[in-house]
>>> print(open('upload-v9.txt').read())   # compact mmCIF, C-alpha atoms
# COMPACT_ATOMS: atom_id res chain seq x y z
CA MET A 1 114.02 222.24 189.24
CA ILE A 2 116.51 219.57 188.93
CA GLY A 3 118.31 218.58 192.07
CA THR A 4 121.84 217.68 192.55
CA ALA A 5 123.14 214.16 192.20
CA SER A 6 123.20 213.61 195.93
CA GLU A 7 119.57 214.71 196.24
CA ASN A 8 118.57 212.36 193.40
CA ALA A 9 120.42 209.50 195.08
CA GLY A 10 118.54 210.18 198.31
CA VAL A 11 115.22 210.12 196.48
CA ASP A 12 116.18 206.92 194.63
CA ALA A 13 117.24 205.30 197.89
CA GLY A 14 113.95 206.34 199.50
CA VAL A 15 111.92 204.94 196.60
CA ALA A 16 113.94 201.72 196.72
CA ALA A 17 113.38 201.44 200.47
CA VAL A 18 109.62 201.99 200.11
CA ALA A 19 109.43 199.56 197.15
CA GLY A 20 111.47 196.97 199.08
CA ALA A 21 109.26 197.34 202.13
CA ALA A 22 106.14 196.99 199.96
CA ILE A 23 107.48 193.89 198.20
CA GLY A 24 108.54 192.41 201.55
CA GLY A 25 105.09 193.11 202.97
CA VAL A 26 103.36 191.49 199.98
CA LEU A 27 105.61 188.42 200.19
CA THR A 28 105.03 188.14 203.93
CA GLY A 29 101.28 188.41 203.35
CA LEU A 30 101.36 185.72 200.64
CA THR A 31 103.37 183.46 202.93
CA ALA A 32 100.82 183.98 205.70
CA ILE A 33 97.95 183.19 203.31
CA GLY A 34 99.74 180.05 202.06
CA THR A 35 100.44 178.92 205.61
CA GLY A 36 96.81 179.58 206.57
CA LEU A 37 95.47 177.59 203.60
CA PHE A 38 97.84 174.71 204.37
CA GLY A 39 96.72 174.76 208.00
CA LEU A 40 93.06 174.78 206.92
CA LYS A 41 93.60 171.82 204.59
CA THR A 42 95.41 169.95 207.37
CA THR A 43 92.52 170.66 209.74
CA PHE A 44 89.99 169.30 207.22
CA ILE A 45 92.08 166.16 206.75
CA GLN A 46 92.29 165.68 210.53
CA LEU A 47 88.53 166.20 210.90
CA GLU A 48 87.79 163.64 208.18
CA SER A 49 90.20 161.17 209.75
CA THR A 50 88.55 161.70 213.14
CA ARG A 51 85.11 161.19 211.60
CA ILE A 52 86.17 157.93 209.93
CA GLU A 53 87.77 156.64 213.14
CA ALA A 54 84.67 157.54 215.15
CA ALA A 55 82.44 155.67 212.67
CA ARG A 56 84.75 152.64 212.84
CA GLN A 57 84.69 152.77 216.64
CA ARG A 58 80.88 152.97 216.70
CA ARG A 59 80.67 149.96 214.37
CA PHE A 60 83.11 148.00 216.52
CA GLU A 61 81.17 148.80 219.71
CA SER A 62 77.89 147.86 218.05
CA LEU A 63 79.32 144.55 216.86
CA THR A 64 80.73 143.87 220.31
CA GLU A 65 77.34 144.52 221.94
CA ARG A 66 75.60 142.20 219.46
CA ARG A 67 78.23 139.46 219.58
CA GLY A 68 76.85 137.81 222.74
CA PRO A 69 73.22 137.50 221.60
CA ARG A 70 74.31 136.52 218.10
CA SER A 71 76.63 133.87 219.44
CA GLN A 72 73.81 132.42 221.53
CA ALA A 73 71.36 132.43 218.60
CA TYR A 74 73.91 130.76 216.33
CA SER A 75 74.83 128.21 218.96
CA ASP A 76 71.18 127.35 219.61
CA PHE A 77 70.56 126.92 215.89
CA ILE A 78 73.59 124.64 215.47
CA THR A 79 72.56 122.61 218.53
CA ALA A 80 69.03 122.18 217.15
CA GLY A 81 70.48 121.15 213.79
CA GLN A 82 72.83 118.67 215.35
CA GLU A 83 70.00 117.18 217.45
CA LEU A 84 68.03 116.72 214.26
CA ILE A 85 70.98 115.01 212.53
CA ASP A 86 71.60 112.84 215.60
CA SER A 87 67.97 111.73 215.46
CA LEU A 88 68.76 109.90 212.22
CA TYR A 89 70.47 107.10 214.16
CA GLY A 90 68.52 103.83 214.59
CA ARG A 91 64.81 104.65 214.69
CA GLU A 92 61.76 103.11 213.07
CA LEU A 93 60.60 105.35 210.24
CA GLN A 94 57.16 106.23 211.71
CA ASP A 95 58.65 107.02 215.14
CA PHE A 96 61.44 108.90 213.46
CA LEU A 97 59.10 111.10 211.39
CA SER A 98 57.12 112.26 214.43
CA GLN A 99 60.32 113.09 216.33
CA PHE A 100 61.77 114.70 213.19
CA GLU A 101 58.78 117.04 212.87
CA ALA A 102 59.26 118.29 216.43
CA LEU A 103 62.95 118.86 215.74
CA GLN A 104 62.10 120.58 212.47
CA ALA A 105 59.76 122.94 214.34
CA ASN A 106 62.65 123.77 216.68
CA ILE A 107 64.84 124.54 213.64
CA ARG A 108 62.16 126.94 212.31
CA LYS A 109 61.96 128.66 215.70
CA ARG A 110 65.75 129.02 215.95
CA ARG A 111 65.89 130.23 212.35
CA SER A 112 63.61 133.15 213.18
CA ILE A 113 65.93 134.18 216.03
CA VAL A 114 68.93 133.98 213.69
CA ALA A 115 66.99 136.08 211.16
CA ILE A 116 66.72 138.85 213.74
CA ALA A 117 70.35 138.53 214.89
CA GLY A 118 71.73 138.67 211.32
CA PRO A 119 73.82 139.47 209.37
CA GLU A 120 72.49 138.54 205.94
CA GLU A 121 75.11 135.89 205.14
CA VAL A 122 74.25 133.97 208.32
CA VAL A 123 70.50 134.36 207.76
CA THR A 124 70.90 132.99 204.23
CA ALA A 125 72.91 130.00 205.48
CA ALA A 126 70.28 129.28 208.15
CA GLY A 127 67.59 129.44 205.47
CA ARG A 128 69.46 126.95 203.29
CA PHE A 129 69.74 124.51 206.18
CA ALA A 130 66.06 124.92 207.11
CA ASP A 131 65.04 124.43 203.47
CA GLU A 132 67.17 121.28 203.26
CA VAL A 133 65.55 119.98 206.46
CA ARG A 134 62.11 120.56 204.93
CA ASP A 135 63.12 118.87 201.68
CA PHE A 136 64.64 115.97 203.62
CA ARG A 137 61.46 115.50 205.64
CA ASN A 138 59.30 115.67 202.52
CA GLY A 139 61.56 113.21 200.75
CA LEU A 140 61.22 110.77 203.62
CA ALA A 141 57.47 111.21 203.95
CA HIS A 142 56.84 110.76 200.22
CA GLY A 143 59.33 107.95 199.66
CA ALA A 144 61.77 109.97 197.55
CA LEU A 145 64.63 109.02 199.90
CA ARG A 146 65.20 105.27 199.95
CA GLY A 147 66.76 103.30 202.74
CA HIS A 148 67.48 104.37 206.27
CA PRO A 149 67.42 108.14 206.89
CA PHE A 150 70.94 107.92 208.31
CA ASN A 151 72.21 107.10 204.82
CA HIS A 152 71.16 110.59 203.70
CA LYS A 153 72.52 112.61 206.64
CA TYR A 154 75.14 114.26 204.39
CA LYS A 155 72.27 116.29 202.88
CA LEU A 156 71.86 117.96 206.27
CA GLU A 157 75.47 118.02 207.47
CA ALA A 158 76.83 120.11 204.60
CA PRO A 159 74.38 123.04 204.97
CA LEU A 160 74.74 122.96 208.78
CA ASP A 161 78.51 123.16 208.39
CA ALA A 162 78.08 126.06 205.95
CA PHE A 163 75.91 127.82 208.55
CA ALA A 164 78.56 127.28 211.24
CA LYS A 165 81.22 128.77 208.96
CA ALA A 166 79.08 131.83 208.16
CA ALA A 167 78.33 132.27 211.88
CA ARG A 168 82.03 132.09 212.79
CA THR A 169 82.88 134.67 210.12
CA ALA A 170 80.18 137.03 211.42
CA LEU A 171 81.38 136.68 215.01
CA GLU A 172 84.99 137.36 214.00
CA ASP A 173 84.08 140.67 212.35
CA GLU A 174 86.03 143.40 214.14
CA GLY A 175 84.28 146.38 212.55
CA ASP A 176 87.21 147.50 210.41
CA GLN A 177 84.94 148.74 207.63
CA ALA A 178 84.06 152.43 207.81
>>> encode(input="upload-v9.txt", output="structure tokens")
Amino acid sequence: MIGTASENAGVDAGVAAVAGAAIGGVLTGLTAIGTGLFGLKTTFIQLESTRIEAARQRRFESLTERRGPRSQAYSDFITAGQELIDSLYGRELQDFLSQFEALQANIRKRRSIVAIAGPEEVVTAAGRFADEVRDFRNGLAHGALRGHPFNHKYKLEAPLDAFAKAARTALEDEGDQA
């Protein structure tokens, strides 16, 4: 049976109300899902940022704890190197060689401490200086270096300066890398 126009309008209004409520519910649900996904992504970004900052902080604290012993190892190595260079002033060659060997042994000892303290750039620079000291000593002992040893001190000063620069750079590291 077909209803009157007013009955049909009531049914149409009811259907429209139910359809509108359903569409509104779906849109509200989609908005909630979108908001939830955005919140989840934001949480993951915050967690990653926190992880990176914690790693940076651990690195900084580790570097700070090692800075004192490293500084002492570097300082002792530079002091030993400078004593060796200072020994080049005004000695007879035979007397000089015996003193030089003792100073060279001190360089080797200090080099091993630097090797433990690190980092690699400083260890490499210490190795270059120690190698140059060995070559210098061998050159003197075998007559490859002519004249007074003082005339060849530049061969030792340059690698000791390079070590000091590498040591300074290592001590200035603030741990900014993640």
>>> atom_distance(input="upload-v9.txt", atom1="CA of Arg67 (chain A)", atom2="CA of Ala117 (chain A)")
9.2 Å
>>> closest_residue(input="upload-v9.txt", among="A:Lys109, A:Arg59, A:Arg70, A:His152", to="Ala170 (chain A)", atoms="all atoms listed in the file")
A:Arg70
>>> closest_atom_pairs(input="upload-v9.txt", of="region 6-98 of chain A", to="region 158-165 of chain A", cutoff="12 Å", atoms="all atoms listed in the file", output="Markdown table")
| residue | atom | partner | partner_atom | distance |
| --- | --- | --- | --- | --- |
| A:Ser71 | CA | A:Ala164 | CA | 10.7 |
| A:Ala73 | CA | A:Ala164 | CA | 11.5 |
| A:Tyr74 | CA | A:Ala164 | CA | 7.7 |
| A:Ser75 | CA | A:Ala164 | CA | 8.6 |
| A:Asp76 | CA | A:Ala164 | CA | 11.2 |
| A:Phe77 | CA | A:Phe163 | CA | 9.1 |
| A:Ile78 | CA | A:Leu160 | CA | 7.0 |
| A:Thr79 | CA | A:Leu160 | CA | 10.0 |
| A:Ala80 | CA | A:Leu160 | CA | 10.2 |
| A:Gly81 | CA | A:Leu160 | CA | 6.8 |
| A:Gln82 | CA | A:Leu160 | CA | 8.1 |
| A:Glu83 | CA | A:Leu160 | CA | 11.4 |
| A:Leu84 | CA | A:Leu160 | CA | 10.7 |
| A:Ile85 | CA | A:Leu160 | CA | 9.6 |
>>> atom_distance(input="upload-v9.txt", atom1="CA of Arg58 (chain A)", atom2="CA of Arg168 (chain A)")
21.3 Å
>>> closest_residue(input="upload-v9.txt", among="A:Asp12, A:Glu172, A:Glu157, A:Asp95", to="Ala130 (chain A)", atoms="all atoms listed in the file")
A:Glu157
>>> closest_residue(input="upload-v9.txt", among="A:Ala166, A:Arg56, A:Gly68, A:Ala32", to="Glu121 (chain A)", atoms="all atoms listed in the file")
A:Ala166
>>> closest_residue(input="upload-v9.txt", among="A:Ser98, A:Ala125, A:Glu53, A:Gly24", to="Ala141 (chain A)", atoms="all atoms listed in the file")
A:Ser98
>>> atom_distance(input="upload-v9.txt", atom1="CA of Val114 (chain A)", atom2="CA of Leu88 (chain A)")
24.1 Å
>>> closest_residue(input="upload-v9.txt", among="A:Leu27, A:Ile33, A:Leu97, A:Ala105", to="His148 (chain A)", atoms="all atoms listed in the file")
A:Leu97
>>> closest_residue(input="upload-v9.txt", among="A:Gln99, A:Ala21, A:Gly36, A:Thr169", to="Glu120 (chain A)", atoms="only C-alpha atoms")
A:Thr169
